[in-house]
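So this one's structure_12.cif, mmCIF, C-alpha atoms:
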```
data_coords
loop_
_atom_site.label_atom_id
_atom_site.label_comp_id
_atom_site.auth_asym_id
_atom_site.auth_seq_id
_atom_site.Cartn_x
_atom_site.Cartn_y
_atom_site.Cartn_z
CA MET A 1480 39.93 0.60 44.33
CA MET A 1481 42.02 -2.38 43.41
CA MET A 1482 43.55 -2.89 39.96
CA ALA A 1483 41.08 -5.69 39.19
CA ASP A 1484 38.14 -3.39 39.98
CA ILE A 1485 39.54 -0.65 37.74
CA ALA A 1486 40.05 -3.11 34.88
CA LYS A 1487 36.51 -4.45 35.23
CA ASP A 1488 35.11 -0.93 35.35
CA ARG A 1489 37.01 -0.05 32.15
CA ARG A 1490 35.76 -3.25 30.48
CA ALA A 1491 32.15 -2.40 31.39
CA HIS A 1492 32.66 1.13 30.06
CA SER A 1493 34.13 -0.16 26.78
CA LEU A 1494 31.25 -2.64 26.38
CA LYS A 1495 28.80 0.24 26.63
CA LYS A 1496 30.74 2.19 24.00
CA GLU A 1497 30.82 -0.81 21.61
CA GLY A 1498 27.07 -1.24 21.65
CA SER A 1499 26.47 -3.42 24.67
CA VAL A 1500 24.18 -2.35 27.43
CA SER A 1501 24.38 -3.37 31.03
CA SER A 1502 21.38 -5.33 32.22
CA LEU A 1503 21.46 -3.53 35.57
CA SER A 1504 21.59 0.16 36.34
CA SER A 1505 25.06 -0.22 37.84
CA HIS A 1506 27.88 -1.67 35.77
CA GLU A 1507 28.75 -4.40 38.19
CA PHE A 1508 27.21 -6.51 40.86
CA ARG A 1509 28.69 -8.78 43.47
CA ARG A 1510 27.73 -12.43 43.77
CA ARG A 1511 28.60 -14.85 46.55
CA GLU A 1512 30.15 -18.08 45.48
CA HIS A 1513 29.63 -21.37 47.30
CA HIS A 1514 32.65 -20.91 49.56
CA GLY A 1515 31.63 -17.47 50.88
CA ARG A 1516 33.92 -15.43 48.64
CA ILE A 1517 32.59 -12.44 46.75
CA LYS A 1518 32.98 -12.45 42.97
CA ASP A 1519 32.59 -9.36 40.76
CA CYS A 1520 30.56 -9.93 37.60
CA VAL A 1521 29.67 -7.79 34.63
CA SER A 1522 26.36 -8.50 32.94
CA SER A 1523 25.90 -7.16 29.44
CA VAL A 1524 23.53 -7.55 26.51
CA SER A 1525 24.74 -6.70 23.03
CA TYR A 1526 22.56 -5.28 20.26
CA VAL A 1527 22.75 -4.66 16.53
CA ASP A 1528 22.40 -1.19 15.04
CA GLU A 1529 20.12 -2.35 12.21
CA PRO A 1530 16.41 -2.42 13.14
CA SER A 1531 14.57 -5.70 12.94
CA GLN A 1532 11.67 -6.31 10.55
CA HIS A 1533 9.21 -5.70 13.38
CA ASP A 1534 10.75 -2.29 14.16
CA VAL A 1535 10.57 -1.23 10.49
CA ALA A 1536 6.93 -2.34 10.20
CA SER A 1537 5.95 -0.48 13.36
CA HIS A 1538 7.46 2.76 12.02
CA LEU A 1539 5.75 2.39 8.63
CA THR A 1540 2.27 1.90 10.07
CA VAL A 1541 0.47 5.23 10.15
CA GLN A 1542 -2.20 5.61 12.78
CA MET A 1543 -4.88 7.97 11.54
CA GLU A 1544 -7.60 9.35 13.72
CA ASN A 1545 -11.22 9.32 12.64
CA THR A 1546 -12.28 12.53 10.90
CA TYR A 1547 -16.01 11.89 11.32
CA GLN A 1548 -16.40 13.06 7.74
CA LEU A 1549 -19.47 11.30 6.36
CA GLY A 1550 -19.44 12.73 2.87
CA PRO A 1551 -16.86 13.78 0.30
CA THR A 1552 -15.54 17.33 0.27
CA LYS A 1553 -14.88 17.00 -3.47
CA HIS A 1554 -17.20 14.88 -5.60
CA PHE A 1555 -15.95 12.45 -8.21
CA PRO A 1556 -15.48 14.26 -11.57
CA VAL A 1557 -17.55 12.03 -13.88
CA VAL A 1558 -17.14 14.29 -16.94
CA THR A 1559 -13.34 14.33 -16.63
CA VAL A 1560 -13.22 10.55 -16.20
CA ASN A 1561 -15.48 10.11 -19.25
CA HIS A 1562 -12.93 12.09 -21.29
CA ILE A 1563 -10.14 9.84 -19.96
CA LEU A 1564 -12.12 6.74 -20.95
CA LYS A 1565 -12.78 8.10 -24.43
CA ASP A 1566 -9.13 9.08 -25.01
CA VAL A 1567 -7.66 5.80 -23.77
CA LEU A 1568 -10.08 3.55 -25.66
CA THR A 1569 -9.70 5.54 -28.85
CA ASN A 1570 -5.89 5.62 -28.67
CA TYR A 1571 -5.53 1.91 -27.96
CA LEU A 1572 -8.30 0.46 -30.16
CA GLN A 1573 -8.78 2.83 -33.12
CA GLU A 1574 -6.89 0.67 -35.66
CA GLU A 1575 -7.15 -2.74 -33.95
CA GLN A 1576 -8.87 -5.81 -35.37
CA TYR A 1577 -10.57 -8.27 -33.03
CA ASP A 1578 -8.27 -11.09 -31.95
CA PRO A 1579 -9.17 -13.01 -28.75
CA GLU A 1580 -5.60 -13.26 -27.42
CA LEU A 1581 -4.74 -9.65 -28.22
CA CYS A 1582 -8.00 -8.39 -26.72
CA ARG A 1583 -7.43 -10.38 -23.52
CA GLN A 1584 -4.13 -8.57 -23.02
CA MET A 1585 -5.58 -5.24 -24.13
CA THR A 1586 -8.33 -5.36 -21.47
CA LYS A 1587 -5.69 -5.71 -18.76
CA THR A 1588 -3.50 -2.98 -20.21
CA ILE A 1589 -6.34 -0.55 -20.83
CA SER A 1590 -7.82 -1.03 -17.36
CA GLU A 1591 -4.41 -0.37 -15.74
CA VAL A 1592 -3.88 2.77 -17.86
CA ILE A 1593 -7.36 4.07 -17.00
CA LYS A 1594 -6.84 3.37 -13.29
CA ALA A 1595 -3.49 5.17 -13.31
CA GLN A 1596 -4.88 8.23 -15.09
CA VAL A 1597 -7.90 8.47 -12.78
CA LYS A 1598 -5.62 8.12 -9.73
CA ASP A 1599 -3.52 10.99 -11.11
CA LEU A 1600 -6.56 13.23 -10.59
CA MET A 1601 -5.88 12.79 -6.85
CA ILE A 1602 -9.50 12.50 -5.75
CA PRO A 1603 -9.34 11.87 -1.99
CA ARG A 1604 -11.08 8.97 -0.24
CA TYR A 1605 -12.50 7.19 -3.30
CA LYS A 1606 -11.90 3.53 -4.03
CA LEU A 1607 -11.77 2.78 -7.76
CA VAL A 1608 -12.92 -0.28 -9.68
CA VAL A 1609 -12.11 -0.34 -13.42
CA ILE A 1610 -13.71 -2.94 -15.69
CA VAL A 1611 -13.09 -3.18 -19.45
CA HIS A 1612 -14.97 -5.49 -21.86
CA ILE A 1613 -13.81 -6.03 -25.45
CA GLY A 1614 -15.72 -8.18 -27.93
CA PRO A 1615 -16.21 -8.78 -31.67
CA ARG A 1616 -18.78 -6.99 -33.81
CA HIS A 1617 -20.56 -9.62 -35.94
CA GLY A 1618 -24.08 -8.24 -36.01
CA GLN A 1619 -25.09 -9.82 -32.69
CA SER A 1620 -26.14 -7.91 -29.60
CA ILE A 1621 -24.84 -8.17 -26.07
CA LEU A 1622 -26.17 -6.92 -22.78
CA ILE A 1623 -23.72 -6.16 -19.98
CA GLY A 1624 -25.18 -5.37 -16.59
CA SER A 1625 -23.75 -4.55 -13.21
CA ARG A 1626 -25.20 -4.16 -9.75
CA CYS A 1627 -23.57 -2.44 -6.83
CA LEU A 1628 -24.49 -1.70 -3.24
CA TRP A 1629 -23.60 1.89 -2.51
CA ASN A 1630 -24.65 5.31 -1.34
CA PRO A 1631 -26.12 7.26 -4.28
CA LYS A 1632 -25.21 10.59 -2.64
CA SER A 1633 -21.46 9.96 -2.74
CA ASP A 1634 -20.78 6.93 -4.96
CA THR A 1635 -20.90 7.11 -8.74
CA PHE A 1636 -19.56 5.68 -11.99
CA ALA A 1637 -18.32 6.73 -15.42
CA SER A 1638 -18.83 4.68 -18.58
CA TYR A 1639 -17.85 4.88 -22.23
CA VAL A 1640 -18.54 2.61 -25.24
CA PHE A 1641 -16.12 2.49 -28.17
CA ARG A 1642 -16.84 0.83 -31.54
CA ASN A 1643 -14.83 0.33 -34.70
CA SER A 1644 -15.43 -1.93 -37.72
CA SER A 1645 -14.37 -5.17 -36.01
CA LEU A 1646 -14.76 -4.75 -32.22
CA PHE A 1647 -16.55 -2.96 -29.42
CA ALA A 1648 -15.22 -1.95 -26.02
CA LEU A 1649 -17.00 -0.93 -22.85
CA ALA A 1650 -15.07 0.69 -20.00
CA ASN A 1651 -16.60 1.36 -16.58
CA VAL A 1652 -15.04 3.15 -13.63
CA TYR A 1653 -16.86 2.74 -10.32
CA ALA A 1654 -15.98 5.29 -7.63
CA VAL A 1655 -17.01 4.27 -4.11
CA TYR A 1656 -16.49 6.78 -1.30
CA PHE A 1657 -14.48 5.41 1.63
CA GLU A 1658 -15.64 6.86 4.96
#
```
Do you think you could lay out the structure here as structure tokens?
Amino acid sequence: MMMADIAKDRRAHSLKKEGSVSSLSSHEFRRREHHGRIKDCVSSVSYVDEPSQHDVASHLTVQMENTYQLGPTKHFPVVTVNHILKDVLTNYLQEEQYDPELCRQMTKTISEVIKAQVKDLMIPRYKLVVIVHIGPRHGQSILIGSRCLWNPKSDTFASYVFRNSSLFALANVYAVYFE
């Protein structure tokens, strides 16, 4: 081997160590120039150690196989959720007076607290919908209705009504089984 060949071989080896990869299986290839002489070339492609956004997203995606489970193994605990609804509504609204702005914020807060506490029960494969209504008590009546399309064997709901001297609150948790 000539000195030039040894130097090029060392350069190709150092490029591989630094994080560059040869584009061919061998480190070098020979190319003919226009005048018939042979020229040695090293082809390399460098890379960065940090993964790209696409690589991170592909590792985070979890592929789950179908379980063919058509019904829940553990049914939604309506009684436990009713106790959660009662506790949360009582704790947040026991001493409150009706104020439209305050009640608007309270509905958001209460629904998030209820959703978090029901999720802490770790009931598998149920999607949750939490709806909270708060209104004034002035001797009028109100009817609140809801309609859902679901499977009565696996889907259910929990509901609780709270009243004090100036307001009422209705909290509903709909639990829909996800097949």
Here's the selection I'm unsure about, the PyMOL selection byres ((chain A and resi 1566-1583) around 10); applied to the file above, which residues does it give, as a count of residues only? 34
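For segment 1633-1638 of chain A, the non-local neighbours within 9 Å, defined as residues at least 2 positions apart in the same chain or in other chains and counting only C-alpha atoms, are A:Gly1550, A:Pro1551, A:His1554, A:Phe1555, A:Pro1556, A:Val1557, A:Val1558, A:Val1560, A:Asn1561, A:Leu1564, A:Tyr1605, A:Trp1629, A:Asn1630, A:Pro1631, A:Val1640, A:Leu1649, A:Ala1650, A:Asn1651, A:Val1652, A:Tyr1653, A:Ala1654, A:Val1655, A:Tyr1656.
For the pair atom CA of Pro1603 of chain A and atom CA of Asn1545 of chain A, the interatomic distance is 15.0 Å.
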Rounded to one decimal place, report the atom CA of Leu1549 of chain A-atom CA of Met1601 of chain A distance in Å. 19.0 Å
Tell me, in Å to one decimal, how far atom CA of Glu1591 of chain A is from atom CA of Val1609 of chain A.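 Rounded to one decimal, the two atoms are 8.0 Å apart.
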Go through A:Val1541, A:Lys1553, A:Glu1658, A:Arg1626 one by one, measure the shortest atom-to-atom distance of each to Lys1606 of chain A using all atoms listed in the file, and give the residue with the smallest value. A:Glu1658
Grab all the atoms of segment 1544-1562 of chain A that the file lists, wrap them in a box along x, y and z, add 6 Å per side, and give me centre plus edge lengths in Å (one decimal) as lines of an AutoDock Vina configuration file.
```
center_x = -13.5
center_y = 13.3
center_z = -3.8
size_x = 23.9
size_y = 20.0
size_z = 47.0
```
